[in-house]
file model.cif (mmCIF, C-alpha atoms)
data_model
loop_
_atom_site.label_atom_id
_atom_site.label_comp_id
_atom_site.auth_asym_id
_atom_site.auth_seq_id
_atom_site.Cartn_x
_atom_site.Cartn_y
_atom_site.Cartn_z
CA MET A 2 0.00 0.00 0.00
CA PRO A 3 1.22 3.54 -0.71
CA LYS A 4 2.10 6.16 1.86
CA LEU A 5 -0.14 9.17 2.49
CA THR A 6 1.38 12.17 4.26
CA PHE A 7 -0.93 14.76 5.78
CA ILE A 8 0.75 18.17 6.20
CA GLY A 9 -1.10 20.33 8.67
CA ALA A 10 -2.49 17.33 10.51
CA GLY A 11 -3.32 19.53 13.50
CA SER A 12 -6.47 20.37 11.53
CA THR A 13 -7.96 17.44 13.37
CA VAL A 14 -11.51 17.51 12.01
CA PHE A 15 -10.36 17.86 8.42
CA ALA A 16 -7.74 15.14 8.90
CA LYS A 17 -10.58 12.94 10.15
CA ASN A 18 -12.55 13.63 6.97
CA VAL A 19 -9.75 12.86 4.53
CA ILE A 20 -8.05 9.97 6.31
CA GLY A 21 -11.33 8.57 7.66
CA ASP A 22 -12.57 8.42 4.05
CA CYS A 23 -9.48 6.41 3.13
CA PHE A 24 -10.12 4.02 6.02
CA LEU A 25 -13.65 3.44 4.70
CA THR A 26 -12.31 2.59 1.23
CA PRO A 27 -11.72 -1.20 1.19
CA GLU A 28 -9.21 -1.00 -1.67
CA LEU A 29 -6.96 1.16 0.53
CA ASN A 30 -6.82 -1.27 3.44
CA GLY A 31 -3.29 -1.31 4.83
CA LEU A 32 -2.49 2.29 3.87
CA GLU A 33 0.57 3.91 5.44
CA VAL A 34 -0.33 7.26 7.02
CA ALA A 35 2.14 9.88 8.26
CA LEU A 36 0.83 12.89 10.16
CA TYR A 37 2.91 16.07 10.26
CA ASP A 38 2.35 19.40 12.01
CA ILE A 39 4.39 22.09 13.77
CA ASP A 40 2.08 22.04 16.83
CA PRO A 41 2.92 18.99 18.99
CA VAL A 42 -0.32 19.15 21.00
CA ARG A 43 -2.64 19.27 18.00
CA LEU A 44 -0.51 16.65 16.25
CA ASP A 45 -0.90 14.27 19.18
CA ASP A 46 -4.66 14.92 19.24
CA SER A 47 -4.91 13.93 15.59
CA TYR A 48 -2.68 10.90 16.04
CA ARG A 49 -4.88 9.51 18.80
CA MET A 50 -8.05 10.16 16.83
CA ILE A 51 -6.72 8.63 13.58
CA SER A 52 -5.41 5.63 15.52
CA ASN A 53 -8.85 5.11 17.05
CA LEU A 54 -10.48 5.30 13.61
CA ASN A 55 -7.94 2.85 12.24
CA GLU A 56 -8.74 0.35 14.97
CA LYS A 57 -12.52 0.82 14.84
CA TYR A 58 -12.82 0.38 11.08
CA LYS A 59 -10.12 -2.32 10.83
CA ALA A 60 -8.27 -0.31 8.20
CA ASN A 61 -4.97 -2.06 9.05
CA ALA A 62 -3.16 1.20 8.44
CA THR A 63 0.27 2.06 9.78
CA VAL A 64 -0.12 5.45 11.46
CA THR A 65 2.79 7.63 12.57
CA ALA A 66 3.05 11.23 13.73
CA THR A 67 6.14 13.42 13.52
CA LEU A 68 7.32 17.02 13.86
CA ASP A 69 10.01 16.26 11.26
CA ARG A 70 8.72 17.11 7.77
CA ALA A 71 11.45 15.19 5.98
CA GLU A 72 10.61 12.06 7.95
CA ALA A 73 6.90 12.51 7.24
CA LEU A 74 7.52 12.85 3.49
CA LYS A 75 9.96 9.96 3.18
CA GLY A 76 8.57 7.67 0.45
CA ALA A 77 5.15 9.38 0.37
CA LYS A 78 3.18 8.91 -2.84
CA TYR A 79 0.30 11.21 -1.84
CA ILE A 80 0.71 14.43 0.12
CA VAL A 81 -2.36 16.25 1.42
CA ASN A 82 -1.76 19.89 2.33
CA ALA A 83 -4.01 21.64 4.88
CA ILE A 84 -1.73 24.25 6.46
CA GLN A 85 -2.65 27.75 7.61
CA VAL A 86 0.46 29.92 7.82
CA GLY A 87 0.11 32.51 10.57
CA GLY A 88 -3.12 31.06 11.93
CA TYR A 89 -6.10 33.03 13.15
CA ASP A 90 -3.97 34.94 15.65
CA PRO A 91 -2.11 36.97 14.55
CA CYS A 92 -2.39 36.81 10.78
CA THR A 93 -6.10 36.46 10.07
CA ILE A 94 -6.83 39.17 12.63
CA THR A 95 -4.29 41.40 10.86
CA ASP A 96 -5.87 40.69 7.46
CA PHE A 97 -9.18 42.07 8.74
CA GLU A 98 -8.27 44.82 11.18
CA ILE A 99 -5.78 46.86 9.11
CA PRO A 100 -8.07 47.10 6.05
CA LYS A 101 -10.89 48.22 8.36
CA LYS A 102 -8.83 51.29 9.27
CA TYR A 103 -9.03 52.28 5.62
CA GLY A 104 -12.76 51.59 5.39
CA LEU A 105 -12.33 48.26 3.59
CA ARG A 106 -14.60 45.51 4.98
CA GLN A 107 -14.38 41.80 4.19
CA THR A 108 -16.34 38.62 4.88
CA ILE A 109 -13.92 35.66 4.54
CA ALA A 110 -10.69 37.15 3.15
CA ASP A 111 -8.99 33.85 2.32
CA THR A 112 -9.35 33.60 -1.46
CA LEU A 113 -9.20 37.04 -3.06
CA GLY A 114 -9.15 40.63 -1.89
CA ILE A 115 -6.48 42.09 0.32
CA GLY A 116 -6.85 39.22 2.81
CA GLY A 117 -6.40 36.60 0.10
CA ILE A 118 -3.36 38.40 -1.31
CA PHE A 119 -1.52 38.49 2.03
CA ARG A 120 -2.51 34.94 2.89
CA ALA A 121 -0.90 33.90 -0.41
CA LEU A 122 2.23 35.98 0.20
CA ARG A 123 2.92 34.32 3.55
CA THR A 124 1.97 30.80 2.36
CA ILE A 125 3.67 30.46 -1.04
CA PRO A 126 7.24 30.52 0.39
CA VAL A 127 6.28 27.70 2.77
CA MET A 128 4.74 25.75 -0.11
CA PHE A 129 7.95 26.11 -2.11
CA ASP A 130 9.94 24.77 0.87
CA ILE A 131 7.57 21.80 1.05
CA ALA A 132 8.05 21.24 -2.69
CA GLU A 133 11.82 21.04 -2.23
CA ASP A 134 11.38 18.44 0.52
CA ILE A 135 8.96 16.47 -1.66
CA LYS A 136 11.56 16.22 -4.43
CA LYS A 137 14.22 15.17 -1.90
CA TYR A 138 12.30 12.65 0.18
CA ALA A 139 8.98 11.61 -1.35
CA HIS A 140 8.14 8.99 -3.97
CA LYS A 141 9.33 10.00 -7.45
CA ASP A 142 5.73 10.18 -8.69
CA ALA A 143 4.31 11.88 -5.59
CA LEU A 144 1.09 13.85 -6.04
CA PHE A 145 0.57 17.04 -4.02
CA ILE A 146 -3.11 17.47 -3.10
CA ASN A 147 -3.71 21.03 -1.95
CA TYR A 148 -6.71 21.99 0.17
CA THR A 149 -5.29 25.28 1.50
CA ASN A 150 -6.65 28.68 0.43
CA PRO A 151 -6.18 30.86 -1.52
CA MET A 152 -6.63 27.79 -3.72
CA ALA A 153 -5.93 29.23 -7.18
CA MET A 154 -2.91 31.26 -6.05
CA LEU A 155 -1.25 28.44 -4.09
CA SER A 156 -2.02 25.65 -6.54
CA GLY A 157 -1.07 27.87 -9.48
CA ALA A 158 2.24 28.78 -7.85
CA MET A 159 3.08 25.11 -7.32
CA GLN A 160 2.04 24.19 -10.87
CA ARG A 161 4.01 26.99 -12.54
CA TYR A 162 7.13 27.27 -10.38
CA THR A 163 7.81 23.73 -9.12
CA ASP A 164 7.92 20.35 -10.84
CA VAL A 165 5.76 18.67 -8.19
CA PRO A 166 2.53 17.33 -9.74
CA THR A 167 -0.20 19.32 -7.99
CA VAL A 168 -3.99 19.38 -7.94
CA GLY A 169 -6.08 21.75 -5.84
CA LEU A 170 -9.29 20.44 -4.31
CA CYS A 171 -12.32 22.27 -2.96
CA HIS A 172 -15.75 21.05 -1.95
CA SER A 173 -17.77 23.93 -3.47
CA VAL A 174 -18.43 22.10 -6.77
CA GLN A 175 -19.91 18.85 -5.47
CA GLY A 176 -23.10 20.28 -3.98
CA CYS A 177 -23.60 23.31 -6.22
CA ALA A 178 -26.19 22.14 -8.76
CA ARG A 179 -28.14 19.98 -6.31
CA GLY A 180 -28.07 22.78 -3.74
CA LEU A 181 -29.54 25.28 -6.24
CA VAL A 182 -32.36 22.93 -7.26
CA ASN A 183 -33.17 22.14 -3.64
CA GLU A 184 -33.10 25.72 -2.33
CA LEU A 185 -35.44 26.88 -5.09
CA GLY A 186 -37.92 24.16 -4.16
CA PHE A 187 -37.54 21.66 -7.01
CA GLY A 188 -35.62 18.92 -5.21
CA GLU A 189 -38.47 16.39 -5.11
CA GLN A 190 -39.53 17.15 -8.67
CA TYR A 191 -35.98 16.65 -9.97
CA PRO A 192 -34.22 14.03 -7.84
CA ASN A 193 -31.77 13.39 -10.68
CA ILE A 194 -30.08 16.10 -12.72
CA LYS A 195 -27.13 16.57 -15.06
CA TRP A 196 -24.79 19.54 -14.93
CA LYS A 197 -21.53 21.06 -16.15
CA ILE A 198 -19.29 23.37 -14.11
CA ALA A 199 -16.04 25.16 -14.97
CA GLY A 200 -14.24 28.40 -14.19
CA ILE A 201 -11.90 29.23 -11.31
CA ASN A 202 -11.98 28.14 -7.70
CA HIS A 203 -14.86 29.64 -5.71
CA GLN A 204 -16.12 31.27 -8.91
CA ALA A 205 -16.72 28.33 -11.21
CA TRP A 206 -19.89 28.61 -13.25
CA LEU A 207 -22.80 26.19 -13.42
CA TYR A 208 -22.99 26.74 -17.16
CA GLU A 209 -25.38 23.87 -17.87
CA ILE A 210 -28.07 22.21 -15.76
CA THR A 211 -30.66 19.84 -17.21
CA ASP A 212 -32.96 16.98 -16.33
CA LEU A 213 -32.04 13.46 -17.44
CA ASP A 214 -33.68 14.07 -20.83
CA GLY A 215 -31.52 17.10 -21.49
CA ASN A 216 -34.19 19.76 -20.85
CA ASP A 217 -32.70 23.06 -19.66
CA LEU A 218 -33.70 23.78 -16.04
CA TYR A 219 -32.36 27.34 -15.96
CA PRO A 220 -35.56 29.08 -17.19
CA MET A 221 -37.56 27.46 -14.38
CA LEU A 222 -34.86 28.21 -11.78
CA LYS A 223 -34.54 31.86 -12.82
CA GLU A 224 -38.29 32.35 -12.71
CA ARG A 225 -38.37 31.04 -9.12
CA ALA A 226 -35.35 33.21 -8.24
CA SER A 227 -37.42 36.24 -9.31
CA ASP A 228 -40.22 35.36 -6.88
CA GLU A 229 -39.37 37.79 -4.06
CA ALA A 230 -41.79 36.24 -1.55
CA TYR A 231 -40.26 32.78 -2.03
CA ILE A 232 -36.68 34.07 -1.94
CA ASN A 233 -37.24 36.13 1.22
CA GLU A 234 -38.69 33.10 2.99
CA HIS A 235 -36.33 30.38 1.81
CA CYS A 236 -33.10 31.85 0.40
CA LYS A 237 -32.03 34.80 2.56
CA TRP A 238 -28.60 33.20 3.02
CA ASP A 239 -27.91 33.08 -0.75
CA LEU A 240 -29.03 36.44 -2.12
CA VAL A 241 -25.72 37.44 -3.72
CA ARG A 242 -25.39 34.27 -5.80
CA LEU A 243 -29.00 34.38 -6.91
CA ASP A 244 -28.58 38.00 -8.00
CA ILE A 245 -25.41 37.08 -9.90
CA MET A 246 -27.41 34.33 -11.64
CA LYS A 247 -30.11 36.81 -12.64
CA LYS A 248 -27.65 39.48 -13.83
CA PHE A 249 -24.94 37.31 -15.41
CA GLY A 250 -27.08 34.35 -16.45
CA TYR A 251 -25.37 31.60 -14.46
CA TYR A 252 -24.96 30.43 -10.87
CA VAL A 253 -21.52 30.27 -9.20
CA THR A 254 -20.17 27.48 -7.04
CA GLU A 255 -19.10 29.18 -3.82
CA SER A 256 -21.26 30.84 -1.19
CA SER A 257 -22.75 34.33 -1.21
CA GLU A 258 -20.53 35.51 1.64
CA HIS A 259 -17.49 34.56 -0.44
CA ASN A 260 -18.68 35.99 -3.74
CA SER A 261 -19.83 39.26 -2.18
CA GLU A 262 -16.13 40.18 -1.77
CA TYR A 263 -14.95 38.91 -5.18
CA MET A 264 -16.92 41.58 -7.04
CA PRO A 265 -17.23 45.38 -6.77
CA TYR A 266 -21.02 45.48 -6.39
CA PHE A 267 -22.07 44.33 -2.94
CA ILE A 268 -19.87 45.63 -0.10
CA LYS A 269 -19.75 49.41 -0.58
CA SER A 270 -19.32 52.06 2.08
CA LYS A 271 -21.21 54.47 -0.17
CA TYR A 272 -24.24 52.17 -0.08
CA PRO A 273 -24.35 50.63 3.41
CA GLU A 274 -27.94 49.49 2.85
CA LEU A 275 -26.61 46.79 0.48
CA ILE A 276 -25.24 44.86 3.45
CA GLU A 277 -28.72 44.40 4.87
CA ARG A 278 -30.41 43.95 1.49
CA TYR A 279 -28.10 41.09 0.52
CA ASN A 280 -27.70 39.73 4.07
CA ILE A 281 -23.89 39.96 3.84
CA PRO A 282 -22.04 38.75 6.99
CA LEU A 283 -19.12 41.14 7.38
CA ASP A 284 -16.22 39.76 9.47
CA GLU A 285 -17.67 36.28 9.05
CA TYR A 286 -14.37 34.38 9.01
CA PRO A 287 -13.04 35.75 12.33
CA ARG A 288 -16.37 34.78 13.93
CA ARG A 289 -16.04 31.28 12.52
CA CYS A 290 -12.49 31.00 13.80
CA VAL A 291 -13.51 31.99 17.33
CA ASN A 292 -16.47 29.59 17.25
CA GLN A 293 -14.31 26.76 15.90
CA ILE A 294 -11.72 27.29 18.61
CA GLU A 295 -14.43 27.16 21.27
CA GLY A 296 -16.11 24.22 19.58
CA TRP A 297 -12.84 22.30 19.48
CA LYS A 298 -12.46 22.66 23.25
CA LYS A 299 -15.83 20.97 23.65
CA MET A 300 -15.35 18.17 21.12
CA ARG A 301 -11.67 17.47 21.72
CA GLU A 302 -12.18 14.81 24.37
CA ASP A 303 -14.77 12.95 22.31
CA LEU A 304 -12.68 12.94 19.15
CA THR A 305 -9.27 12.13 20.60
CA ASN A 306 -10.03 9.68 23.41
CA ASN A 307 -13.17 7.97 22.14
CA LYS A 308 -12.31 4.47 20.94
CA ASP A 309 -15.73 4.31 19.28
CA VAL A 310 -15.43 7.55 17.29
CA GLU A 311 -17.72 7.47 14.25
CA HIS A 312 -16.97 8.49 10.68
CA ASN A 313 -19.24 8.64 7.64
CA LYS A 314 -17.64 9.00 4.24
CA THR A 315 -17.62 12.60 3.02
CA GLY A 316 -17.65 14.11 -0.45
CA GLU A 317 -13.99 15.15 -0.30
CA PHE A 318 -12.16 13.98 -3.42
CA ALA A 319 -8.82 12.94 -1.87
CA SER A 320 -9.67 9.31 -1.06
CA TYR A 321 -11.31 8.85 -4.47
CA ILE A 322 -8.19 10.17 -6.20
CA ILE A 323 -5.93 7.79 -4.29
CA ASN A 324 -8.26 4.87 -4.95
CA ALA A 325 -8.49 5.63 -8.69
CA MET A 326 -4.73 5.96 -9.06
CA GLU A 327 -4.03 2.76 -7.11
CA THR A 328 -6.74 0.58 -8.72
CA ASP A 329 -6.85 2.18 -12.19
CA VAL A 330 -10.64 2.40 -11.88
CA PRO A 331 -11.37 5.85 -13.37
CA TYR A 332 -13.12 8.51 -11.30
CA ARG A 333 -14.20 12.03 -12.22
CA ILE A 334 -13.39 14.95 -9.97
CA HIS A 335 -13.29 18.72 -10.34
CA GLY A 336 -9.73 19.86 -9.81
CA ASN A 337 -7.75 23.08 -9.83
CA VAL A 338 -5.14 22.70 -12.54
CA LEU A 339 -3.07 24.85 -14.91
CA ASN A 340 -5.07 26.12 -17.90
CA THR A 341 -3.32 24.23 -20.68
CA GLY A 342 -5.93 25.27 -23.26
CA LEU A 343 -8.75 23.81 -21.17
CA ILE A 344 -10.85 27.00 -20.97
CA THR A 345 -10.04 28.85 -24.16
CA ASN A 346 -11.11 32.35 -23.09
CA LEU A 347 -9.13 32.40 -19.83
CA PRO A 348 -5.33 33.03 -19.59
CA SER A 349 -3.03 30.06 -20.14
CA ASN A 350 -1.10 30.78 -16.92
CA ALA A 351 -4.26 30.79 -14.80
CA CYS A 352 -5.23 28.02 -12.40
CA VAL A 353 -8.70 26.85 -13.46
CA GLU A 354 -11.28 24.52 -11.93
CA VAL A 355 -12.43 21.90 -14.45
CA PRO A 356 -13.56 18.28 -14.64
CA CYS A 357 -10.65 15.84 -14.43
CA LEU A 358 -10.52 12.09 -15.01
CA VAL A 359 -8.32 10.25 -12.51
CA ASP A 360 -6.73 6.87 -13.17
CA ARG A 361 -3.28 5.28 -12.79
CA ASN A 362 -1.91 8.04 -15.03
CA GLY A 363 -2.84 10.64 -12.42
CA ILE A 364 -4.96 13.76 -12.89
CA ASN A 365 -6.14 14.14 -16.49
CA PRO A 366 -7.92 17.50 -16.98
CA CYS A 367 -10.78 17.66 -19.47
CA TYR A 368 -11.20 20.20 -22.27
CA VAL A 369 -14.04 22.67 -21.64
CA GLY A 370 -13.75 25.24 -24.44
CA ALA A 371 -15.03 28.79 -24.08
CA LEU A 372 -17.14 29.87 -21.13
CA PRO A 373 -19.99 32.32 -21.75
CA GLU A 374 -18.10 35.56 -22.31
CA GLN A 375 -19.58 37.41 -19.33
CA CYS A 376 -18.56 34.53 -17.07
CA ALA A 377 -15.02 34.50 -18.43
CA ALA A 378 -14.87 38.28 -18.05
CA MET A 379 -15.78 38.04 -14.36
CA ASN A 380 -13.22 35.25 -13.85
CA ARG A 381 -10.53 37.37 -15.47
CA THR A 382 -11.02 40.17 -12.93
CA ASN A 383 -10.10 37.63 -10.23
CA ILE A 384 -7.33 35.98 -12.24
CA ASN A 385 -5.62 39.38 -12.64
CA VAL A 386 -5.21 39.54 -8.87
CA GLN A 387 -4.13 35.92 -8.57
CA LEU A 388 -1.39 36.18 -11.18
CA LEU A 389 0.02 39.42 -9.80
CA ALA A 390 0.04 38.09 -6.22
CA VAL A 391 1.86 34.92 -7.32
CA GLU A 392 4.40 36.95 -9.28
CA ALA A 393 4.93 39.16 -6.22
CA ALA A 394 5.63 36.11 -4.08
CA VAL A 395 8.08 34.71 -6.64
CA THR A 396 9.96 37.91 -7.49
CA LYS A 397 9.77 39.63 -4.05
CA LYS A 398 8.82 42.90 -5.78
CA LYS A 399 6.74 45.16 -3.57
CA ASP A 400 5.25 47.00 -6.56
CA LEU A 401 3.51 43.78 -7.57
CA ILE A 402 1.81 43.58 -4.17
CA TYR A 403 0.46 47.09 -4.72
CA GLN A 404 -0.63 46.21 -8.25
CA ALA A 405 -2.38 43.02 -7.17
CA ALA A 406 -4.34 45.02 -4.59
CA MET A 407 -5.08 47.81 -7.09
CA MET A 408 -6.53 45.25 -9.52
CA ASP A 409 -8.72 43.62 -6.88
CA PRO A 410 -12.37 44.40 -7.76
CA HIS A 411 -13.61 45.06 -4.21
CA THR A 412 -10.51 46.92 -3.03
CA ALA A 413 -10.39 49.15 -6.12
CA ALA A 414 -14.09 49.96 -5.81
CA GLU A 415 -13.60 51.29 -2.28
CA LEU A 416 -10.13 52.84 -2.00
CA SER A 417 -7.89 55.28 -3.85
CA ILE A 418 -4.53 54.20 -5.26
CA ASP A 419 -2.69 56.05 -2.49
CA ASP A 420 -4.78 54.41 0.23
CA ILE A 421 -4.26 50.99 -1.33
CA ARG A 422 -0.50 51.44 -1.29
CA ALA A 423 -0.54 52.76 2.29
CA MET A 424 -2.71 49.85 3.43
CA CYS A 425 -0.35 47.35 1.79
CA ASP A 426 2.60 49.00 3.52
CA ASP A 427 0.84 48.72 6.88
CA LEU A 428 0.09 45.05 6.22
CA ILE A 429 3.69 44.34 5.22
CA VAL A 430 4.92 45.88 8.49
CA ALA A 431 2.32 43.97 10.52
CA HIS A 432 3.34 40.70 8.82
CA LYS A 433 6.98 41.08 9.87
CA GLY A 434 8.33 37.61 10.49
CA TRP A 435 5.66 36.02 8.27
CA LEU A 436 6.87 37.49 4.97
CA PRO A 437 10.29 37.51 3.29
CA GLU A 438 11.90 40.86 2.49
CA TYR A 439 10.41 42.63 -0.51
CA ASN A 440 12.35 44.92 -2.87
#
call {"tool": "encode", "arguments": {"input": "model.cif", "output": "structure tokens"}}
result
Amino acid sequence: MPKLTFIGAGSTVFAKNVIGDCFLTPELNGLEVALYDIDPVRLDDSYRMISNLNEKYKANATVTATLDRAEALKGAKYIVNAIQVGGYDPCTITDFEIPKKYGLRQTIADTLGIGGIFRALRTIPVMFDIAEDIKKYAHKDALFINYTNPMAMLSGAMQRYTDVPTVGLCHSVQGCARGLVNELGFGEQYPNIKWKIAGINHQAWLYEITDLDGNDLYPMLKERASDEAYINEHCKWDLVRLDIMKKFGYYVTESSEHNSEYMPYFIKSKYPELIERYNIPLDEYPRRCVNQIEGWKKMREDLTNNKDVEHNKTGEFASYIINAMETDVPYRIHGNVLNTGLITNLPSNACVEVPCLVDRNGINPCYVGALPEQCAAMNRTNINVQLLAVEAAVTKKKDLIYQAAMMDPHTAAELSIDDIRAMCDDLIVAHKGWLPEYN
């Protein structure tokens, strides 16, 4: 059986999802699992929990935990990455509080915007260090499976500037089409649907949705989305995405709180009433972090010391990828990969989210063609930021940080060029010790 290394294993709940899924896959019985983290306490928590799962489900896995990354990577064929460089405190707090001083508000700040840019700048150097260790110590055909945000920036940096085979995975695609049908009240009428999705991470487009006979469901869905009474009663949590669907013609994969900060239309100090109208949760990610920290204190004992800990297989793609590559039984995923002509009206150096067929040959991305032009145009506004932020991280040029922020749709809609540069300078100072020196 191959070796799976989990980097950032102190993310105990997520480690449970990915490795627990592997333990519930009969073809992967006997897997070798290495857990790695820089936090010895959280690493030990995860080790005890994974060991309990291994015993309960008779997975016959060999489970080890180490603070030595080289040791963890030795011989690994699959590497799952779930790190958060800088953590909630201090770096996430910094990403929110300094922009607030300039009047720039955010919701999640981990994918785009000023928060996404600085998360990428402090994470990409660590990813490049990991890539060097992978080439030194891991299996010659090792696959790097990235779950860390900002997904497109980090995966794209690995794909363009290292020779480590990399795929980025997110769970926003799997439930998108079914979620839309259900929230608009057609779930029972259409228990089975067909769909196509492509674009970029967190802003991939549901560009086709039909019933099993190929009948387009969009006209029906858009009509229901225009029923204000229904929407106000059932869909208050998803108003941004539904409005995007009405205005741009297609639904996007990631949540309304995410997409509200990827565009220049929804979070505007000049129009504060938009926050209430679209039910936008400002400062949502810091709240989640605090709640997760408190929640972990309550569930820690049950997860780490419970010999009878339960796990139900999730929709995360990692275990399915490993299974498909080991058994050569093909499986389709949606992965974040380099745009090698896959989406013809997006840049070739962009990281795109497209269907991929997985078998013993690895990740095989599928050709999509051209997206509807308005969808590609919206993606390009995000890709501009992603490419500039990655180039900044690679070249260590401070001007590229400024330019990435100046091209960000939400940031540019709120702040002047001078304020953007000053805000970036403040963030660079506040991130001292988390960023390399910039020219």
call {"tool": "resolve_selection", "arguments": {"input": "model.cif", "expression": "the PyMOL selection byres ((chain A and resi 357) around 8)", "output": "PyMOL selection string"}}
result
chain A and resi 333-336+355-356+358-359+364-367
call {"tool": "closest_atom_pairs", "arguments": {"input": "model.cif", "of": "range 23-104 of chain A", "to": "range 317-324 of chain A", "cutoff": "9 Å", "atoms": "all atoms listed in the file", "output": "tab-separated table"}}
result
residue	atom	partner	partner_atom	distance
A:Cys23	CA	A:Ser320	CA	5.1
A:Phe24	CA	A:Ser320	CA	8.8
A:Thr26	CA	A:Ser320	CA	7.6
A:Glu28	CA	A:Asn324	CA	6.8
A:Leu29	CA	A:Asn324	CA	6.7
A:Tyr79	CA	A:Ile323	CA	7.5
A:Val81	CA	A:Ala319	CA	8.0
call {"tool": "closest_residue", "arguments": {"input": "model.cif", "among": "A:Ile115, A:Cys92, A:Cys352, A:Val165", "to": "Ile201 in chain A", "atoms": "all atoms listed in the file"}}
result
A:Cys352
call {"tool": "closest_residue", "arguments": {"input": "model.cif", "among": "A:Pro437, A:Gly11, A:Gly200, A:Gly363", "to": "Phe145 in chain A", "atoms": "all atoms listed in the file"}}
result
A:Gly363
call {"tool": "resolve_selection", "arguments": {"input": "model.cif", "expression": "the PyMOL selection byres ((chain A and resi 235-243) around 8)", "output": "list in words"}}
result
Glu184, Leu185, Ala226, Tyr231, Ile232, Asn233, Glu234, Asp244, Ile245, Met246, Lys247, Tyr252, Val253, Ser256, Ser257, Glu258, Asn260, Ser261, Phe267, Tyr279 and Asn280 of chain A
call {"tool": "resolve_selection", "arguments": {"input": "model.cif", "expression": "the PyMOL selection byres ((chain A and resi 221) around 12)", "output": "MDAnalysis selection string"}}
result
chainID A and resid 181:182 185:187 190:191 210:212 216:220 222:228
call {"tool": "closest_residue", "arguments": {"input": "model.cif", "among": "A:Thr412, A:Ser156, A:Ser12, A:Thr149", "to": "Gly116 in chain A", "atoms": "only C-alpha atoms"}}
result
A:Thr412
call {"tool": "residues_near_point", "arguments": {"input": "model.cif", "point": "(-4.7, 11.1, 19.9)", "cutoff": "10 Å", "atoms": "only C-alpha atoms", "output": "ChimeraX atom specification"}}
result
/A:13,42-53,66,301-302,304-307
call {"tool": "closest_residue", "arguments": {"input": "model.cif", "among": "A:Glu262, A:Lys102, A:Leu207, A:Glu33", "to": "Ile276 in chain A", "atoms": "only C-alpha atoms"}}
result
A:Glu262
call {"tool": "atom_distance", "arguments": {"input": "model.cif", "atom1": "CA of Asp111 in chain A", "atom2": "CA of Gln387 in chain A"}}
result
12.1 Å
call {"tool": "closest_residue", "arguments": {"input": "model.cif", "among": "A:Ala16, A:Ile8, A:Ile99, A:Leu54", "to": "His432 in chain A", "atoms": "all atoms listed in the file"}}
result
A:Ile99
call {"tool": "closest_atom_pairs", "arguments": {"input": "model.cif", "of": "range 99-176 of chain A", "to": "range 372-382 of chain A", "cutoff": "12 Å", "atoms": "only C-alpha atoms", "output": "CSV"}}
result
residue,atom,partner,partner_atom,distance
A:Leu113,CA,A:Thr382,CA,10.5
A:Gly114,CA,A:Thr382,CA,11.2
A:Ala153,CA,A:Asn380,CA,11.6
call {"tool": "write_last_selection", "arguments": {"input": "model.cif", "atoms": "C-alpha atoms", "output": "compact mmCIF listing (two decimals), in the frame of the given file"}}
result
# COMPACT_ATOMS: atom_id res chain seq x y z
CA LEU A 113 -9.20 37.04 -3.06
CA GLY A 114 -9.15 40.63 -1.89
CA ALA A 153 -5.93 29.23 -7.18
call {"tool": "residues_near_point", "arguments": {"input": "model.cif", "point": "(9.2, 18.9, -3.4)", "cutoff": "12 Å", "atoms": "all atoms listed in the file", "output": "PyMOL selection string"}}
result
chain A and resi 70-71+74-80+127-145+159-160+162-167
call {"tool": "write_last_selection", "arguments": {"input": "model.cif", "atoms": "C-alpha atoms", "output": "compact mmCIF listing (two decimals), in the frame of the given file"}}
result
# COMPACT_ATOMS: atom_id res chain seq x y z
CA ARG A 70 8.72 17.11 7.77
CA ALA A 71 11.45 15.19 5.98
CA LEU A 74 7.52 12.85 3.49
CA LYS A 75 9.96 9.96 3.18
CA GLY A 76 8.57 7.67 0.45
CA ALA A 77 5.15 9.38 0.37
CA LYS A 78 3.18 8.91 -2.84
CA TYR A 79 0.30 11.21 -1.84
CA ILE A 80 0.71 14.43 0.12
CA VAL A 127 6.28 27.70 2.77
CA MET A 128 4.74 25.75 -0.11
CA PHE A 129 7.95 26.11 -2.11
CA ASP A 130 9.94 24.77 0.87
CA ILE A 131 7.57 21.80 1.05
CA ALA A 132 8.05 21.24 -2.69
CA GLU A 133 11.82 21.04 -2.23
CA ASP A 134 11.38 18.44 0.52
CA ILE A 135 8.96 16.47 -1.66
CA LYS A 136 11.56 16.22 -4.43
CA LYS A 137 14.22 15.17 -1.90
CA TYR A 138 12.30 12.65 0.18
CA ALA A 139 8.98 11.61 -1.35
CA HIS A 140 8.14 8.99 -3.97
CA LYS A 141 9.33 10.00 -7.45
CA ASP A 142 5.73 10.18 -8.69
CA ALA A 143 4.31 11.88 -5.59
CA LEU A 144 1.09 13.85 -6.04
CA PHE A 145 0.57 17.04 -4.02
CA MET A 159 3.08 25.11 -7.32
CA GLN A 160 2.04 24.19 -10.87
CA TYR A 162 7.13 27.27 -10.38
CA THR A 163 7.81 23.73 -9.12
CA ASP A 164 7.92 20.35 -10.84
CA VAL A 165 5.76 18.67 -8.19
CA PRO A 166 2.53 17.33 -9.74
CA THR A 167 -0.20 19.32 -7.99
call {"tool": "residues_around", "arguments": {"input": "model.cif", "residues": "Glu98 in chain A", "least_positions_apart": "4", "cutoff": "12 Å", "atoms": "only C-alpha atoms", "output": "list of chain:residue names"}}
result
A:Asp90, A:Pro91, A:Cys92, A:Thr93, A:Ile94, A:Lys102, A:Tyr103, A:Gly104, A:Leu105, A:Arg106, A:Gln107, A:Thr108, A:Ala110, A:Ile115, A:Gly116, A:Asp284, A:Pro287, A:Met424, A:Asp427, A:Leu428, A:Ala431
